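K.L.:
Data: structure32.tsv, TSV, C-alpha atoms and all ligand atoms.
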chain	number	residue	atom	x	y	z
Q	775	MET	CA	0.00	0.00	0.00
Q	776	SER	CA	0.97	3.63	-0.35
Q	777	LEU	CA	0.08	6.96	1.18
Q	778	LEU	CA	-1.68	8.15	-1.98
Q	779	LYS	CA	-3.79	5.03	-2.34
Q	780	ASP	CA	-4.66	5.08	1.36
Q	781	CYS	CA	-5.76	8.68	1.05
Q	782	ILE	CA	-7.80	8.06	-2.10
Q	783	ASN	CA	-9.40	5.04	-0.44
Q	784	LYS	CA	-10.32	7.18	2.56
Q	785	LYS	CA	-7.97	5.50	5.02
Q	786	LYS	CA	-6.00	7.36	7.67
Q	787	THR	CA	-2.49	8.38	6.64
Q	788	SER	CA	0.52	9.20	8.85
Q	789	SER	CA	1.16	12.39	6.84
Q	790	ILE	CA	-0.35	14.27	3.93
Q	791	PRO	CA	0.58	12.66	0.62
Q	792	ILE	CA	2.43	14.93	-1.78
Q	793	TRP	CA	3.76	14.92	-5.33
Q	794	PHE	CA	3.91	17.55	-8.09
Q	795	MET	CA	2.73	17.76	-11.65
Q	796	ARG	CA	5.79	18.36	-13.83
Q	797	GLN	CA	8.01	17.33	-10.94
Q	798	ALA	CA	10.29	15.58	-13.43
Q	799	GLY	CA	11.45	18.33	-15.66
Q	800	ARG	CA	12.97	21.56	-16.54
Q	801	TYR	CA	13.58	23.12	-13.10
Q	802	LEU	CA	16.04	20.37	-12.07
Q	803	PRO	CA	19.70	20.87	-13.05
Q	804	GLU	CA	20.19	17.09	-13.27
Q	805	PHE	CA	17.31	16.97	-15.80
Q	806	ARG	CA	18.74	19.86	-17.82
Q	807	ASP	CA	22.02	18.03	-17.94
Q	808	ILE	CA	20.41	14.97	-19.56
Q	809	ARG	CA	18.19	17.17	-21.77
Q	810	SER	CA	21.12	19.17	-23.13
Q	811	LYS	CA	22.69	15.96	-24.41
Q	812	ASN	CA	19.38	14.70	-25.84
Q	813	THR	CA	17.92	17.36	-28.06
Q	814	ASP	CA	15.04	15.27	-29.40
Q	815	PHE	CA	12.34	15.25	-26.69
Q	816	ILE	CA	10.40	12.33	-28.20
Q	817	LYS	CA	13.52	10.17	-28.47
Q	818	LEU	CA	14.39	11.03	-24.89
Q	819	CYS	CA	10.96	9.95	-23.65
Q	820	LEU	CA	11.28	6.73	-25.66
Q	821	ASN	CA	14.69	5.86	-24.19
Q	822	PRO	CA	13.73	3.74	-21.13
Q	823	PRO	CA	17.02	3.92	-19.15
Q	824	LEU	CA	17.12	7.72	-19.52
Q	825	SER	CA	13.41	8.36	-19.01
Q	826	LYS	CA	13.57	6.08	-15.94
Q	827	GLU	CA	16.40	8.17	-14.53
Q	828	ILE	CA	14.42	11.40	-15.12
Q	829	THR	CA	11.29	9.84	-13.58
Q	830	ILE	CA	13.09	9.07	-10.31
Q	831	GLN	CA	15.24	12.22	-10.11
Q	832	PRO	CA	12.75	14.13	-7.95
Q	833	LEU	CA	12.42	11.18	-5.54
Q	834	LYS	CA	16.14	11.33	-4.91
Q	835	ARG	CA	15.82	14.94	-3.77
Q	836	PHE	CA	12.44	15.23	-2.06
Q	837	LYS	CA	10.34	13.20	0.39
Q	838	ILE	CA	7.51	12.91	-2.11
Q	839	ASP	CA	5.11	9.97	-2.29
Q	840	ALA	CA	4.93	9.28	-6.00
Q	841	ALA	CA	6.80	9.44	-9.27
Q	842	ILE	CA	5.05	10.38	-12.51
Q	843	ILE	CA	6.44	8.78	-15.64
Q	844	PHE	CA	8.51	11.01	-17.88
Q	845	SER	CA	6.37	10.98	-21.00
Q	846	ASP	CA	3.77	13.19	-22.69
Q	847	ILE	CA	0.06	13.21	-23.47
Q	848	LEU	CA	0.89	13.68	-27.16
Q	849	PHE	CA	2.13	10.12	-27.49
Q	850	ILE	CA	-1.45	9.14	-28.38
Q	851	PRO	CA	-1.54	11.23	-31.58
Q	852	TYR	CA	2.01	10.00	-32.21
Q	853	ALA	CA	0.90	6.36	-31.80
Q	854	LEU	CA	-2.00	7.01	-34.20
Q	855	GLY	CA	0.48	8.04	-36.86
Q	856	GLN	CA	0.21	11.82	-36.68
Q	857	SER	CA	3.51	13.66	-36.72
Q	858	VAL	CA	4.40	15.33	-33.41
Q	859	GLU	CA	7.33	17.66	-32.88
Q	860	PHE	CA	8.37	19.73	-29.91
Q	861	GLU	CA	9.93	23.00	-30.92
Q	862	LYS	CA	12.03	24.85	-28.40
Q	863	ASN	CA	10.21	27.87	-26.94
Q	864	PHE	CA	7.14	27.13	-29.02
Q	865	GLY	CA	5.67	23.91	-27.68
Q	866	PRO	CA	4.18	21.01	-29.58
Q	867	LYS	CA	3.60	21.06	-33.33
Q	868	LEU	CA	1.37	18.40	-34.85
Q	869	GLY	CA	1.12	17.58	-38.52
Q	870	GLU	CA	-2.10	17.78	-40.53
Q	871	LEU	CA	-4.63	15.18	-39.31
Q	872	ASP	CA	-5.04	12.42	-41.88
Q	873	TYR	CA	-8.35	10.79	-40.88
Q	874	GLY	CA	-7.89	7.80	-43.18
Q	875	HIS	CA	-4.56	6.98	-41.62
Q	876	VAL	CA	-5.46	7.71	-38.00
Q	877	LEU	CA	-8.80	5.87	-38.02
Q	878	ASN	CA	-7.26	2.79	-39.60
Q	879	THR	CA	-4.20	2.50	-37.36
Q	880	PRO	CA	-4.10	-1.11	-36.14
Q	881	ASP	CA	-3.62	-1.82	-32.43
Q	882	GLU	CA	-0.27	-3.50	-33.15
Q	883	ASP	CA	1.06	-0.23	-34.60
Q	884	ILE	CA	-0.06	1.67	-31.50
Q	885	LEU	CA	1.65	-0.85	-29.24
Q	886	LEU	CA	4.81	-0.90	-31.32
Q	887	LYS	CA	5.13	2.87	-31.05
Q	888	LEU	CA	4.34	2.99	-27.32
Q	889	ASN	CA	6.32	-0.06	-26.20
Q	890	PRO	CA	9.29	1.95	-24.87
Q	891	ILE	CA	6.89	3.70	-22.46
Q	892	TYR	CA	5.80	0.31	-21.09
Q	893	GLU	CA	9.42	-0.74	-20.80
Q	894	LEU	CA	10.12	2.52	-18.90
Q	895	ILE	CA	7.27	1.71	-16.49
Q	896	LYS	CA	8.39	-1.89	-16.08
Q	897	ILE	CA	11.96	-1.03	-15.12
Q	898	THR	CA	11.02	2.01	-13.03
Q	899	SER	CA	8.39	0.19	-10.97
Q	900	LYS	CA	11.07	-2.26	-9.84
Q	901	GLU	CA	13.29	0.49	-8.40
Q	902	LYS	CA	13.77	0.31	-4.64
Q	903	ILE	CA	13.20	4.04	-4.31
Q	904	LEU	CA	9.55	3.38	-5.27
Q	905	ASP	CA	8.89	0.84	-2.51
Q	906	ASN	CA	5.55	1.77	-0.90
Q	907	LYS	CA	5.21	4.70	-3.31
Q	908	ASP	CA	3.16	5.11	-6.45
Q	909	LEU	CA	4.27	5.19	-10.02
Q	910	ILE	CA	1.72	7.41	-11.75
Q	911	GLY	CA	0.96	6.72	-15.38
Q	912	PHE	CA	-1.15	9.15	-17.36
Q	913	VAL	CA	-3.12	9.96	-20.48
Q	914	GLY	CA	-4.53	13.15	-21.93
Q	915	ALA	CA	-8.32	13.29	-21.80
Q	916	THR	CA	-10.19	12.64	-25.05
Q	917	TRP	CA	-11.14	16.30	-25.50
Q	918	THR	CA	-7.63	17.69	-24.92
Q	919	ILE	CA	-6.12	15.13	-27.29
Q	920	MET	CA	-8.73	16.00	-29.89
Q	921	VAL	CA	-7.90	19.72	-29.59
Q	922	TYR	CA	-4.23	18.98	-30.27
Q	923	MET	CA	-4.94	16.52	-33.08
Q	924	LEU	CA	-7.18	19.00	-34.90
Q	925	ASN	CA	-4.58	21.75	-34.57
Q	926	ARG	CA	-7.34	24.15	-33.76
Q	927	ILE	CA	-5.81	26.06	-30.94
Q	928	SER	CA	-4.69	29.55	-31.80
Q	929	PRO	CA	-1.88	31.36	-30.00
Q	930	LYS	CA	-4.58	33.32	-28.16
Q	931	LYS	CA	-5.85	30.04	-26.72
Q	932	LYS	CA	-9.21	30.45	-28.43
Q	933	LEU	CA	-10.95	27.60	-30.17
Q	934	ASP	CA	-11.80	27.82	-33.81
Q	935	ASP	CA	-15.44	26.84	-34.50
Q	936	ASN	CA	-14.32	24.46	-37.24
Q	937	ILE	CA	-13.28	22.08	-34.50
Q	938	TYR	CA	-16.82	20.77	-34.24
Q	939	ASN	CA	-18.85	18.52	-36.50
Q	940	HIS	CA	-16.28	17.17	-38.94
Q	941	PRO	CA	-17.96	14.23	-40.79
Q	942	ASN	CA	-15.47	11.85	-39.14
Q	943	GLU	CA	-15.76	13.37	-35.68
Q	944	LYS	CA	-17.59	10.48	-34.07
Q	945	GLU	CA	-15.08	7.95	-35.38
Q	946	LEU	CA	-12.19	10.12	-34.25
Q	947	ILE	CA	-13.56	10.31	-30.70
Q	948	ARG	CA	-14.05	6.52	-30.63
Q	949	LYS	CA	-10.52	5.97	-31.93
Q	950	ILE	CA	-9.00	8.27	-29.29
Q	951	ILE	CA	-10.93	6.48	-26.53
Q	952	HIS	CA	-9.78	3.13	-27.91
Q	953	ALA	CA	-6.14	4.27	-27.91
Q	954	GLN	CA	-6.49	5.72	-24.41
Q	955	LYS	CA	-7.75	2.35	-23.15
Q	956	ILE	CA	-4.89	0.46	-24.81
Q	957	HIS	CA	-2.41	2.92	-23.34
Q	958	ILE	CA	-3.91	2.76	-19.84
Q	959	LYS	CA	-4.10	-1.05	-19.84
Q	960	ASN	CA	-0.48	-1.45	-20.85
Q	961	GLN	CA	0.72	1.15	-18.35
Q	962	VAL	CA	-1.15	-0.67	-15.57
Q	963	GLU	CA	0.03	-4.13	-16.65
Q	964	ASN	CA	3.61	-2.93	-16.55
Q	965	GLY	CA	3.46	-1.35	-13.10
Q	966	ALA	CA	1.66	2.01	-13.12
Q	967	SER	CA	-0.30	2.02	-9.85
Q	968	ILE	CA	-2.45	5.13	-10.43
Q	969	ILE	CA	-3.57	6.85	-13.66
Q	970	GLN	CA	-3.97	10.62	-13.96
Q	971	ILE	CA	-6.13	11.99	-16.76
Q	972	PHE	CA	-5.11	15.48	-17.89
Q	973	ASP	CA	-7.85	17.59	-19.49
Q	974	SER	CA	-5.77	20.73	-19.87
Q	975	TRP	CA	-8.20	22.40	-22.28
Q	976	ALA	CA	-11.41	21.54	-20.42
Q	977	GLY	CA	-11.91	25.23	-19.65
Q	978	LEU	CA	-12.13	26.15	-23.34
Q	979	LEU	CA	-15.24	24.15	-24.15
Q	980	GLU	CA	-18.66	25.78	-24.23
Q	981	GLU	CA	-21.01	24.64	-21.47
Q	982	GLU	CA	-23.59	22.97	-23.70
Q	983	LYS	CA	-20.90	20.85	-25.39
Q	984	LYS	CA	-19.42	19.43	-22.18
Q	985	ASN	CA	-21.47	16.27	-22.07
Q	986	LYS	CA	-20.48	15.09	-25.51
Q	987	TYR	CA	-16.80	16.03	-25.52
Q	988	ILE	CA	-15.77	15.85	-21.86
Q	989	TYR	CA	-18.17	14.07	-19.52
Q	990	GLN	CA	-19.15	11.02	-21.55
Q	991	PRO	CA	-15.70	10.13	-22.96
Q	992	THR	CA	-13.91	10.73	-19.64
Q	993	LYS	CA	-16.54	8.81	-17.68
Q	994	GLU	CA	-15.91	5.85	-19.97
Q	995	VAL	CA	-12.12	6.10	-19.58
Q	996	VAL	CA	-12.39	6.47	-15.78
Q	997	GLU	CA	-14.69	3.45	-15.54
Q	998	TYR	CA	-12.26	1.46	-17.64
Q	999	THR	CA	-9.31	2.46	-15.44
Q	1000	LYS	CA	-11.19	1.49	-12.29
Q	1001	SER	CA	-12.13	-1.86	-13.86
Q	1002	LEU	CA	-8.39	-2.61	-13.97
Q	1003	GLY	CA	-8.24	-2.12	-10.19
Q	1004	VAL	CA	-6.46	1.22	-10.39
Q	1005	GLU	CA	-7.47	4.68	-9.18
Q	1006	ALA	CA	-8.11	7.43	-11.73
Q	1007	ILE	CA	-7.29	11.03	-10.76
Q	1008	CYS	CA	-8.78	13.63	-13.13
Q	1009	PHE	CA	-7.59	17.16	-13.80
Q	1010	PRO	CA	-10.17	19.05	-15.88
Q	1011	ARG	CA	-8.22	22.32	-15.75
Q	1012	ASN	CA	-10.35	25.47	-15.46
Q	1013	ILE	CA	-13.64	23.63	-15.79
Q	1014	LYS	CA	-16.54	25.78	-14.56
Q	1015	SER	CA	-18.12	23.24	-12.25
Q	1016	TYR	CA	-15.82	20.72	-10.63
Q	1017	LYS	CA	-18.85	19.53	-8.70
Q	1018	GLU	CA	-20.87	18.67	-11.80
Q	1019	TYR	CA	-17.77	17.06	-13.33
Q	1020	CYS	CA	-17.27	14.84	-10.25
Q	1021	ASP	CA	-20.95	13.90	-10.08
Q	1022	ILE	CA	-20.98	12.74	-13.70
Q	1023	VAL	CA	-17.44	11.48	-14.36
Q	1024	ASN	CA	-16.95	9.95	-10.90
Q	1025	PRO	CA	-13.13	9.95	-10.69
Q	1026	SER	CA	-11.30	8.40	-7.70
Q	1027	ALA	CA	-9.89	11.85	-6.89
Q	1028	ILE	CA	-9.99	15.30	-8.47
Q	1029	ASN	CA	-7.11	17.72	-9.07
Q	1030	ILE	CA	-8.18	21.36	-8.89
Q	1031	ASP	CA	-6.59	24.35	-10.64
Q	1032	TYR	CA	-5.34	27.47	-8.86
Q	1033	GLU	CA	-8.14	29.77	-9.98
Q	1034	VAL	CA	-10.99	27.92	-8.35
Q	1035	ASP	CA	-11.92	28.83	-4.77
Q	1036	PRO	CA	-10.68	25.93	-2.58
Q	1037	LYS	CA	-13.22	26.77	0.16
Q	1038	LYS	CA	-16.11	26.22	-2.25
Q	1039	ILE	CA	-14.53	22.97	-3.40
Q	1040	ALA	CA	-14.18	21.77	0.21
Q	1041	GLU	CA	-17.85	22.60	0.84
Q	1042	ASN	CA	-19.25	21.00	-2.29
Q	1043	ILE	CA	-17.12	18.01	-3.17
Q	1044	ASN	CA	-16.81	14.84	-1.13
Q	1045	ILE	CA	-14.27	12.82	-3.05
Q	1046	PRO	CA	-10.50	13.15	-2.33
Q	1047	ILE	CA	-9.05	16.42	-3.59
Q	1048	GLN	CA	-5.58	16.96	-5.04
Q	1049	GLY	CA	-3.63	20.12	-5.77
Q	1050	GLY	CA	-4.72	23.72	-6.08
Q	1051	MET	CA	-1.81	25.94	-5.02
Q	1052	ASP	CA	-0.56	28.32	-7.70
Q	1053	PRO	CA	2.82	27.10	-9.04
Q	1054	LYS	CA	3.93	30.76	-8.94
Q	1055	CYS	CA	3.92	30.48	-5.11
Q	1056	LEU	CA	7.13	28.50	-5.46
Q	1057	LEU	CA	8.75	31.63	-6.87
Q	1058	LEU	CA	7.92	33.69	-3.76
Q	1059	ASP	CA	10.04	33.99	-0.65
Q	1060	LYS	CA	9.86	31.11	1.77
Q	1061	ASP	CA	7.35	32.61	4.22
Q	1062	GLU	CA	4.94	33.70	1.51
Q	1063	MET	CA	5.17	30.32	-0.17
Q	1064	LEU	CA	4.45	28.46	3.08
Q	1065	LYS	CA	1.59	30.81	3.94
Q	1066	ASN	CA	-0.08	29.79	0.70
Q	1067	ALA	CA	0.59	26.11	1.31
Q	1068	LYS	CA	-0.85	26.40	4.82
Q	1069	LYS	CA	-4.01	27.94	3.39
Q	1070	TYR	CA	-4.70	24.81	1.33
Q	1071	LEU	CA	-3.72	22.47	4.16
Q	1072	GLU	CA	-6.09	24.24	6.57
Q	1073	ILE	CA	-8.99	24.40	4.13
Q	1074	PHE	CA	-8.72	20.68	3.39
Q	1075	LYS	CA	-7.91	19.64	6.96
Q	1076	ASN	CA	-11.09	17.62	7.32
Q	1077	HIS	CA	-10.98	16.33	3.78
Q	1078	LYS	CA	-8.99	13.60	2.10
Q	1079	TYR	CA	-6.29	15.76	0.50
Q	1080	ILE	CA	-3.20	15.11	-1.63
Q	1081	PHE	CA	-0.89	18.10	-1.77
Q	1082	ASN	CA	0.01	19.14	-5.32
Q	1083	LEU	CA	-0.27	22.30	-7.41
Q	1084	GLY	CA	-2.95	23.86	-9.59
Q	1085	HIS	CA	-0.73	23.24	-12.64
Q	1086	GLY	CA	2.83	22.03	-13.29
Q	1087	VAL	CA	6.03	23.15	-11.53
Q	1088	MET	CA	7.40	26.13	-13.47
Q	1089	PRO	CA	10.81	25.87	-15.17
Q	1090	GLU	CA	12.20	28.84	-13.19
Q	1091	THR	CA	11.44	27.20	-9.82
Q	1092	ASN	CA	14.33	26.84	-7.41
Q	1093	PRO	CA	14.55	23.17	-6.31
Q	1094	ASP	CA	15.48	24.37	-2.78
Q	1095	ASN	CA	11.99	25.86	-2.49
Q	1096	VAL	CA	10.44	22.57	-3.54
Q	1097	LYS	CA	12.35	20.87	-0.72
Q	1098	ILE	CA	11.23	23.46	1.85
Q	1099	LEU	CA	7.63	23.05	0.72
Q	1100	VAL	CA	7.72	19.23	0.81
Q	1101	ASP	CA	9.26	19.20	4.29
Q	1102	PHE	CA	6.62	21.67	5.50
Q	1103	VAL	CA	3.73	19.60	4.15
Q	1104	LYS	CA	5.21	16.39	5.54
Q	1105	ASP	CA	5.49	17.93	9.03
Q	1106	PHE	CA	2.04	19.53	8.97
Q	1107	LYS	CA	-0.27	18.23	11.65
P	1201	LIG	O1	4.72	15.76	-14.90
P	1201	LIG	C1	5.82	15.26	-15.20
P	1201	LIG	O2	6.89	15.60	-14.70
P	1201	LIG	C2	5.80	14.12	-16.18
P	1201	LIG	C3	5.96	14.43	-17.54
P	1201	LIG	C4	4.92	15.20	-18.33
P	1201	LIG	C5	5.30	15.97	-19.46
P	1201	LIG	N1	4.17	16.42	-20.07
P	1201	LIG	C6	6.70	16.19	-19.89
P	1201	LIG	C7	7.01	17.33	-20.78
P	1201	LIG	C8	3.52	15.26	-18.23
P	1201	LIG	C9	2.61	14.67	-17.19
P	1201	LIG	C10	3.07	16.01	-19.35
P	1201	LIG	C11	1.63	16.25	-19.63
P	1201	LIG	C12	1.25	17.18	-20.68
P	1201	LIG	N2	1.85	17.41	-21.89
P	1201	LIG	C13	0.08	18.01	-20.62
P	1201	LIG	C14	-0.94	18.01	-19.51
P	1201	LIG	C15	-0.50	18.82	-18.35
P	1201	LIG	C16	-0.45	20.30	-18.62
P	1201	LIG	O3	0.67	20.84	-18.58
P	1201	LIG	O4	-1.50	20.91	-18.87
P	1201	LIG	C17	0.05	18.76	-21.81
P	1201	LIG	C18	-0.99	19.79	-22.21
P	1201	LIG	C19	1.17	18.36	-22.61
P	1201	LIG	C20	1.52	18.84	-23.97
P	1201	LIG	C21	2.84	19.50	-23.98
P	1201	LIG	N3	4.06	18.85	-23.87
P	1201	LIG	C22	3.12	20.89	-24.10
P	1201	LIG	C23	2.06	21.98	-24.23
P	1201	LIG	C24	4.52	21.05	-24.09
P	1201	LIG	C25	5.33	22.30	-24.31
P	1201	LIG	C26	5.18	23.30	-23.27
P	1201	LIG	C27	5.75	22.88	-21.95
P	1201	LIG	O5	5.00	22.93	-20.97
P	1201	LIG	O6	6.92	22.51	-21.89
P	1201	LIG	C28	5.09	19.76	-23.89
P	1201	LIG	C29	6.52	19.44	-23.75
P	1201	LIG	C30	6.95	18.78	-22.50
P	1201	LIG	N4	6.31	17.73	-21.89
P	1201	LIG	C31	8.15	19.06	-21.77
P	1201	LIG	C32	8.19	18.16	-20.68
P	1201	LIG	C33	9.27	18.01	-19.65
P	1201	LIG	C34	9.19	20.11	-22.15
P	1201	LIG	C35	10.03	19.54	-23.22
P	1201	LIG	C36	11.37	20.20	-23.28
P	1201	LIG	O7	12.21	19.84	-22.47
P	1201	LIG	O8	11.52	21.04	-24.17
Mind turning this structure into structure tokens?
Ligand code: CP3

P.N.:
Amino acid sequence: MSLLKDCINKKKTSSIPIWFMRQAGRYLPEFRDIRSKNTDFIKLCLNPPLSKEITIQPLKRFKIDAAIIFSDILFIPYALGQSVEFEKNFGPKLGELDYGHVLNTPDEDILLKLNPIYELIKITSKEKILDNKDLIGFVGATWTIMVYMLNRISPKKKLDDNIYNHPNEKELIRKIIHAQKIHIKNQVENGASIIQIFDSWAGLLEEEKKNKYIYQPTKEVVEYTKSLGVEAICFPRNIKSYKEYCDIVNPSAINIDYEVDPKKIAENINIPIQGGMDPKCLLLDKDEMLKNAKKYLEIFKNHKYIFNLGHGVMPETNPDNVKILVDFVKDFK
């Protein structure tokens, strides 16, 4: 058992569980060292000995309770045969979506492309440093993957109306869900003990479209994850009603963003809560940072709560601050 699983399953824990989104990444000098010698991000993710090392780097520094695999949500479009590139200082660039190709990608091709990720999970889960801790696998939510695959996100983070109602839309959604299930199953079979579902663009969708693009697909993926005996934590970033989301999608735990009022969340939502604090707090001086952390810890004192942030650790974060924060949360009574 682990602290995270105990918390999610509403058991008493000796301390508050803690891990960070983007804990394995650009703010760590030991990561930058590996990254500078490996300029192709996709190849680096698909190199199991190296991606294993990056996955466990934060555990070597901090008393955190979980590792998250060093990978990316865009490996699903990649596995479906769409070209994916990561350009420095620009972010991901996906090629034109070829429906014929994507919709007809056989499962064997998906597995062949994603196999190094399963190898990464297999070798990482055997590491001693992960004893009694979780190895978190993840997928992007159907909606967020669809947004990337359709290349419909402008630099102003506005959606283009053409995103809806393509003649092949229904098939595309089914294919993404199918690939998500394959990816989750293989992560779990190789040692991922919890799955997090990232819906980073949930906040962009119009209210009346939520059921079709967010609730129904994610509910299906969450149910599938649970059927494998594994907890599913969802992060529908900036969604208007976390309460409605939880009532319909029914995740094992919910990660909240930093814009939502944590007091309202504590009042309205009964399932275990994760995250919330603004990642920018880690850029403040120590006292200010801890004051913010304490706010979340106090608000969720009578709740099942996993400490995390309201989005990923920022690249300019000083790792010393991460250590101070982790030690503070671990000592909080
Ligand atoms: O959390 C972790 O430490 C594990 C690894 C992880 C990465 N991406 C590595 C990464 C995880 C969980 C993700 C998820 C992911 N990827 C999301 C959902 C979470 C979120 O941030 O909203 C999204 C939307 C993506 C897509 C993506 N990948 C973007 C937009 C970018 C570029 C911008 C950015 O934040 O860096 C990436 C690249 C990426 N994924 C990097 C890392 C470490 C940076 C690559 C580099 O070193 O240049």

K.L.:
Record the distance separating atom C32 of ligand LIG 1201 (chain P) and atom CA of Leu818 of chain Q, expressed in Å with one decimal.

P.N.:
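These two atoms are separated by 10.3 Å.
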
K.L.:
Counting only C-alpha atoms and all ligand atoms, which residue out of Q:Pro1036, Q:Pro1053, Q:Pro822, Q:Gly914 sits closest to ligand LIG 1201 (chain P)?

P.N.:
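Of Q:Pro1036, Q:Pro1053, Q:Pro822, Q:Gly914, the one nearest ligand LIG 1201 (chain P) is Q:Gly914, counting only C-alpha atoms and all ligand atoms.
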
K.L.:
Of the candidates Q:Leu854, Q:Val921, Q:Met795, Q:Leu1058, which one gets nearest to Ile971 of chain Q if we count all atoms listed in the file?

P.N.:
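Using all atoms listed in the file, the shortest distance to Ile971 of chain Q belongs to Q:Met795.
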
K.L.:
Excluding Ala853 of chain Q and its own-chain neighbours fewer than 3 positions away, which residues fall within 12 Å of it when counting all atoms listed in the file? Please give them as a PyMOL selection string.

P.N.:
chain Q and resi 816+846-850+856-858+875-891+923+949-950+952-954+956-957

K.L.:
Pick from Q:Leu894, Q:Leu824, Q:Ala976, Q:Leu1083: nearest to Ile808 of chain Q, with all atoms listed in the file counted?

P.N.:
Q:Leu824

K.L.:
Between Q:Asn906, Q:Ser776, Q:Asn783, Q:Gln797, which is the closest to ligand LIG 1201 (chain P) once you count only C-alpha atoms and all ligand atoms?

P.N.:
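Comparing Q:Asn906, Q:Ser776, Q:Asn783, Q:Gln797 against ligand LIG 1201 (chain P), the winner is Q:Gln797.
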
K.L.:
What is the distance between atom CA of Asn1024 of chain Q and atom C29 of ligand LIG 1201 (chain P), in Å to one decimal?

P.N.:
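Atom C29 of ligand LIG 1201 (chain P) lies 28.4 Å from atom CA of Asn1024 of chain Q.
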
K.L.:
Suppose you want the space between atom CA of Gln831 of chain Q and atom O8 of ligand LIG 1201 (chain P); what is it in Å?

P.N.:
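If I compute the distance from atom CA of Gln831 of chain Q to atom O8 of ligand LIG 1201 (chain P), I get 17.0 Å.
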
K.L.:
Restricting the calculation to all atoms listed in the file, which member of Q:Lys862, Q:Lys1014, Q:Lys1060, Q:Lys896 is positioned closest to Leu978 of chain Q?

P.N.:
Q:Lys1014

K.L.:
Quick one: residues within 9 Å of Phe1102 of chain Q, only C-alpha atoms counted, chain neighbours fewer than 5 positions away excluded, as a ChimeraX atom specification?

P.N.:
/Q:1064,1067-1068,1097

K.L.:
Which one is closest to ligand LIG 1201 (chain P): Q:Ala966, Q:Ile1098, Q:Ile1028, Q:Ala798? Count all atoms listed in the file.

P.N.:
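Closest candidate: Q:Ala798.
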
K.L.:
Which neighbours of Cys1055 of chain Q fall inside 10 Å, counting only C-alpha atoms, when residues of the same chain fewer than 6 positions from it are skipped, and could you give them as number ranges by chain?

P.N.:
Q: 1062-1067, 1083, 1087, 1091, 1095

K.L.:
Would you list the contacts of Ile843 of chain Q as a ChimeraX atom specification, taking every protein, DNA or RNA residue within 8 Å and counting only C-alpha atoms, but skipping same-chain residues closer than 3 positions in sequence?

P.N.:
/Q:825-826,829,894-895,909-912

K.L.:
Can you pull out every residue within 10 Å of Cys1008 of chain Q, counting only C-alpha atoms, but drop anything in the same chain fewer than 5 positions away, and send it as a ChimeraX atom specification?

P.N.:
/Q:912-915,969-973,992,996,1019-1020,1023-1030,1047-1048

K.L.:
Calculate, to one decimal in Å, the centre and edge lengths of the box along x, y and z of the file that holds all listed atoms of ligand LIG 1201 (chain P) with 3 Å of margin on each side, and present them as AutoDock Vina command-line options.

P.N.:
--center_x 5.4 --center_y 18.7 --center_z -19.5 --size_x 19.7 --size_y 15.2 --size_z 15.6
